[in-house]
file entry.cif (mmCIF, C-alpha atoms)
data_final
#
loop_
_atom_site.group_PDB
_atom_site.id
_atom_site.type_symbol
_atom_site.label_atom_id
_atom_site.label_comp_id
_atom_site.auth_asym_id
_atom_site.auth_seq_id
_atom_site.Cartn_x
_atom_site.Cartn_y
_atom_site.Cartn_z
ATOM 1 C CA MET A 1 -3.603 1.776 -10.447
ATOM 2 C CA ASN A 2 -0.675 0.178 -8.680
ATOM 3 C CA ILE A 3 1.361 -2.619 -10.224
ATOM 4 C CA ILE A 4 3.408 -4.567 -7.699
ATOM 5 C CA ASN A 5 5.285 -7.670 -8.865
ATOM 6 C CA GLY A 6 2.628 -8.381 -11.466
ATOM 7 C CA THR A 7 -0.199 -7.912 -8.947
ATOM 8 C CA PHE A 8 -2.786 -5.312 -9.876
ATOM 9 C CA ASN A 9 -4.511 -3.235 -7.251
ATOM 10 C CA ILE A 10 -7.185 -1.414 -9.175
ATOM 11 C CA ILE A 11 -9.020 1.258 -7.299
ATOM 12 C CA PHE A 12 -12.042 2.460 -9.200
ATOM 13 C CA LEU A 13 -13.294 5.984 -8.813
ATOM 14 C CA GLN A 14 -16.487 4.713 -7.213
ATOM 15 C CA LYS A 15 -18.490 5.849 -10.206
ATOM 16 C CA VAL A 16 -21.954 4.498 -10.826
ATOM 17 C CA GLY A 17 -22.147 1.772 -13.452
ATOM 18 C CA HIS A 18 -19.504 -0.456 -15.018
ATOM 19 C CA ASN A 19 -15.946 0.634 -14.208
ATOM 20 C CA VAL A 20 -13.786 -1.008 -16.899
ATOM 21 C CA VAL A 21 -10.003 -1.300 -17.284
ATOM 22 C CA ALA A 22 -8.400 -3.073 -20.258
ATOM 23 C CA LEU A 23 -4.827 -4.377 -19.957
ATOM 24 C CA ASP A 24 -2.518 -5.698 -22.645
ATOM 25 C CA ARG A 25 -0.619 -8.976 -22.204
ATOM 26 C CA GLU A 26 2.269 -7.080 -20.568
ATOM 27 C CA GLY A 27 -0.041 -5.581 -17.939
ATOM 28 C CA ASN A 28 -0.110 -2.043 -19.348
ATOM 29 C CA VAL A 29 -3.387 -0.127 -19.236
ATOM 30 C CA ARG A 30 -4.702 -0.141 -22.792
ATOM 31 C CA ASN A 31 -7.944 1.711 -22.094
ATOM 32 C CA LYS A 32 -10.366 2.488 -19.278
ATOM 33 C CA THR A 33 -13.873 3.861 -18.977
ATOM 34 C CA VAL A 34 -16.881 4.161 -16.732
ATOM 35 C CA VAL A 35 -20.224 3.311 -18.347
ATOM 36 C CA ASN A 36 -23.184 4.661 -16.363
ATOM 37 C CA THR A 37 -25.472 1.642 -16.610
ATOM 38 C CA GLU A 38 -27.657 3.045 -13.828
ATOM 39 C CA SER A 39 -29.202 6.035 -15.604
ATOM 40 C CA ASP A 40 -27.763 6.482 -19.115
ATOM 41 C CA PRO A 41 -30.117 5.016 -21.751
ATOM 42 C CA THR A 42 -27.191 4.667 -24.203
ATOM 43 C CA ALA A 43 -24.999 2.775 -21.715
ATOM 44 C CA ALA A 44 -25.568 -0.672 -23.194
ATOM 45 C CA THR A 45 -24.477 0.513 -26.642
ATOM 46 C CA THR A 46 -21.437 2.263 -25.133
ATOM 47 C CA LEU A 47 -20.376 -0.897 -23.263
ATOM 48 C CA ILE A 48 -20.875 -3.079 -26.358
ATOM 49 C CA SER A 49 -18.745 -0.722 -28.484
ATOM 50 C CA PHE A 50 -15.996 -0.465 -25.860
ATOM 51 C CA ILE A 51 -15.647 -4.252 -25.615
ATOM 52 C CA ARG A 52 -16.007 -4.809 -29.382
ATOM 53 C CA ASP A 53 -13.235 -2.278 -30.126
ATOM 54 C CA LEU A 54 -10.701 -3.921 -27.806
ATOM 55 C CA PRO A 55 -8.133 -6.055 -29.609
ATOM 56 C CA ASN A 56 -7.828 -9.762 -28.913
ATOM 57 C CA ASN A 57 -5.496 -10.833 -26.114
ATOM 58 C CA THR A 58 -6.726 -8.118 -23.751
ATOM 59 C CA TYR A 59 -7.421 -8.647 -20.055
ATOM 60 C CA VAL A 60 -10.573 -6.815 -18.992
ATOM 61 C CA LEU A 61 -11.345 -5.943 -15.375
ATOM 62 C CA ILE A 62 -14.853 -4.739 -14.539
ATOM 63 C CA ALA A 63 -16.426 -3.668 -11.249
ATOM 64 C CA THR A 64 -19.973 -2.383 -10.901
ATOM 65 C CA GLN A 65 -21.688 -0.019 -8.545
ATOM 66 C CA GLY A 66 -25.327 1.024 -8.445
ATOM 67 C CA ASP A 67 -28.430 -0.405 -10.043
ATOM 68 C CA PHE A 68 -29.032 -1.151 -13.727
ATOM 69 C CA PHE A 69 -31.234 0.957 -15.967
ATOM 70 C CA ASP A 70 -31.566 -1.047 -19.171
ATOM 71 C CA PHE A 71 -29.119 -3.876 -19.676
ATOM 72 C CA THR A 72 -29.755 -5.292 -23.127
ATOM 73 C CA THR A 73 -29.071 -8.766 -24.430
ATOM 74 C CA GLY A 74 -26.306 -7.259 -26.578
ATOM 75 C CA ALA A 75 -24.520 -5.889 -23.518
ATOM 76 C CA GLN A 76 -24.882 -9.232 -21.761
ATOM 77 C CA ASP A 77 -23.453 -11.000 -24.826
ATOM 78 C CA ALA A 78 -20.504 -8.573 -24.827
ATOM 79 C CA LEU A 79 -19.744 -9.539 -21.216
ATOM 80 C CA ARG A 80 -20.076 -13.233 -22.089
ATOM 81 C CA SER A 81 -17.495 -12.725 -24.855
ATOM 82 C CA LEU A 82 -15.026 -11.924 -22.049
ATOM 83 C CA GLY A 83 -15.830 -15.141 -20.187
ATOM 84 C CA ALA A 84 -18.643 -13.870 -17.934
ATOM 85 C CA THR A 85 -21.464 -16.242 -17.000
ATOM 86 C CA ASP A 86 -24.902 -15.778 -15.450
ATOM 87 C CA PRO A 87 -25.774 -13.970 -13.305
ATOM 88 C CA LEU A 88 -24.591 -10.897 -15.209
ATOM 89 C CA ILE A 89 -26.712 -8.450 -13.251
ATOM 90 C CA PRO A 90 -26.299 -8.193 -9.472
ATOM 91 C CA PRO A 91 -29.290 -7.929 -7.143
ATOM 92 C CA LYS A 92 -30.622 -4.422 -6.441
ATOM 93 C CA ARG A 93 -27.921 -2.392 -4.666
ATOM 94 C CA GLY A 94 -25.535 -5.316 -5.062
ATOM 95 C CA SER A 95 -22.160 -5.488 -6.791
ATOM 96 C CA TRP A 96 -20.574 -7.531 -9.559
ATOM 97 C CA ALA A 97 -16.973 -7.922 -10.721
ATOM 98 C CA LEU A 98 -15.240 -9.711 -13.571
ATOM 99 C CA ALA A 99 -11.643 -10.462 -14.430
ATOM 100 C CA GLY A 100 -12.152 -11.445 -18.059
ATOM 101 C CA PHE A 101 -10.229 -11.866 -21.276
ATOM 102 C CA LYS A 102 -10.989 -10.870 -24.838
ATOM 103 C CA GLY A 103 -9.599 -13.426 -27.221
ATOM 104 C CA PRO A 104 -10.237 -16.848 -28.684
ATOM 105 C CA LYS A 105 -8.611 -18.780 -25.800
ATOM 106 C CA LYS A 106 -9.752 -17.846 -22.304
ATOM 107 C CA PRO A 107 -7.066 -18.251 -19.636
ATOM 108 C CA VAL A 108 -7.800 -20.157 -16.448
ATOM 109 C CA ALA A 109 -7.727 -16.834 -14.582
ATOM 110 C CA VAL A 110 -11.147 -15.684 -15.827
ATOM 111 C CA SER A 111 -13.146 -15.075 -12.647
ATOM 112 C CA GLN A 112 -16.438 -13.483 -11.646
ATOM 113 C CA VAL A 113 -18.252 -12.670 -8.405
ATOM 114 C CA SER A 114 -21.592 -11.086 -7.473
ATOM 115 C CA ASN A 115 -22.698 -9.971 -4.016
ATOM 116 C CA PRO A 116 -26.154 -8.806 -2.913
ATOM 117 C CA MET A 117 -25.065 -6.391 -0.175
ATOM 118 C CA GLU A 118 -21.313 -5.858 -0.195
ATOM 119 C CA THR A 119 -18.411 -5.046 -2.469
ATOM 120 C CA SER A 120 -17.427 -7.765 -4.929
ATOM 121 C CA ILE A 121 -13.720 -8.530 -4.752
ATOM 122 C CA ILE A 122 -11.747 -10.725 -7.125
ATOM 123 C CA GLU A 123 -8.208 -11.893 -6.539
ATOM 124 C CA VAL A 124 -6.749 -13.336 -9.710
ATOM 125 C CA GLU A 125 -3.313 -13.867 -11.208
ATOM 126 C CA PHE A 126 -2.788 -13.362 -14.913
ATOM 127 C CA ALA A 127 0.227 -14.705 -16.760
ATOM 128 C CA LEU A 128 1.918 -11.582 -18.153
ATOM 129 C CA TYR A 129 4.136 -11.641 -21.212
ATOM 130 C CA GLY A 130 6.770 -9.095 -22.025
#
call {"tool": "encode", "arguments": {"input": "entry.cif", "output": "structure tokens"}}
result
Amino acid sequence: MNIINGTFNIIFLQKVGHNVVALDREGNVRNKTVVNTESDPTAATTLISFIRDLPNNTYVLIATQGDFFDFTTGAQDALRSLGATDPLIPPKRGSWALAGFKGPKKPVAVSQVSNPMETSIIEVEFALYG
């Protein structure tokens, strides 16, 4: 990850599933994970737990790659808690990305994109404190 004047360039490891990075309000990486939502039957539970365990006032950046195995309502609700809206699952072989926020007040910067055939790219500016 590169941080340049408050701009984040996040390069995911091109892993299958949901690539997730959590940032605190100062822009520091709080946690990161890759949840294999393409073939791991426990992926939904893993994603739910990861999001649930993040503290409030956390920016959450997610990019997907691959298809979805079993994406439960609970996992979809966890994404909605970050500000995501339908569609939450990209088309087959598509991509999806979210710049979300965990906390009671969602900033204007919450953004989401889904593409059927190409990489989903989000450009967003968060107000950093610190």
call {"tool": "atom_distance", "arguments": {"input": "entry.cif", "atom1": "CA of Arg93 (chain A)", "atom2": "CA of Gln65 (chain A)"}}
result
7.7 Å
call {"tool": "residues_around", "arguments": {"input": "entry.cif", "residues": "Asn115 (chain A)", "least_positions_apart": "3", "cutoff": "9 Å", "atoms": "only C-alpha atoms", "output": "number ranges by chain"}}
result
A: 90-91, 94-96, 118-120
call {"tool": "atom_distance", "arguments": {"input": "entry.cif", "atom1": "CA of Val60 (chain A)", "atom2": "CA of Ala127 (chain A)"}}
result
13.6 Å
call {"tool": "atom_distance", "arguments": {"input": "entry.cif", "atom1": "CA of Asp53 (chain A)", "atom2": "CA of Val29 (chain A)"}}
result
14.8 Å
call {"tool": "residues_around", "arguments": {"input": "entry.cif", "residues": "Asp77 (chain A)", "least_positions_apart": "2", "cutoff": "12 Å", "atoms": "all atoms listed in the file", "output": "mmCIF file with C-alpha atoms, in the frame of the given file"}}
result
data_model
loop_
_atom_site.group_PDB
_atom_site.id
_atom_site.type_symbol
_atom_site.label_atom_id
_atom_site.label_comp_id
_atom_site.auth_asym_id
_atom_site.auth_seq_id
_atom_site.Cartn_x
_atom_site.Cartn_y
_atom_site.Cartn_z
ATOM 1 C CA ALA A 44 -25.568 -0.672 -23.194
ATOM 2 C CA THR A 45 -24.477 0.513 -26.642
ATOM 3 C CA LEU A 47 -20.376 -0.897 -23.263
ATOM 4 C CA ILE A 48 -20.875 -3.079 -26.358
ATOM 5 C CA SER A 49 -18.745 -0.722 -28.484
ATOM 6 C CA ILE A 51 -15.647 -4.252 -25.615
ATOM 7 C CA ARG A 52 -16.007 -4.809 -29.382
ATOM 8 C CA PHE A 71 -29.119 -3.876 -19.676
ATOM 9 C CA THR A 72 -29.755 -5.292 -23.127
ATOM 10 C CA THR A 73 -29.071 -8.766 -24.430
ATOM 11 C CA GLY A 74 -26.306 -7.259 -26.578
ATOM 12 C CA ALA A 75 -24.520 -5.889 -23.518
ATOM 13 C CA LEU A 79 -19.744 -9.539 -21.216
ATOM 14 C CA ARG A 80 -20.076 -13.233 -22.089
ATOM 15 C CA SER A 81 -17.495 -12.725 -24.855
ATOM 16 C CA LEU A 82 -15.026 -11.924 -22.049
ATOM 17 C CA GLY A 83 -15.830 -15.141 -20.187
ATOM 18 C CA ALA A 84 -18.643 -13.870 -17.934
ATOM 19 C CA THR A 85 -21.464 -16.242 -17.000
ATOM 20 C CA ASP A 86 -24.902 -15.778 -15.450
ATOM 21 C CA LEU A 88 -24.591 -10.897 -15.209
#
call {"tool": "closest_residue", "arguments": {"input": "entry.cif", "among": "A:Lys92, A:Thr42, A:Phe68, A:Phe101", "to": "Leu54 (chain A)", "atoms": "only C-alpha atoms"}}
result
A:Phe101
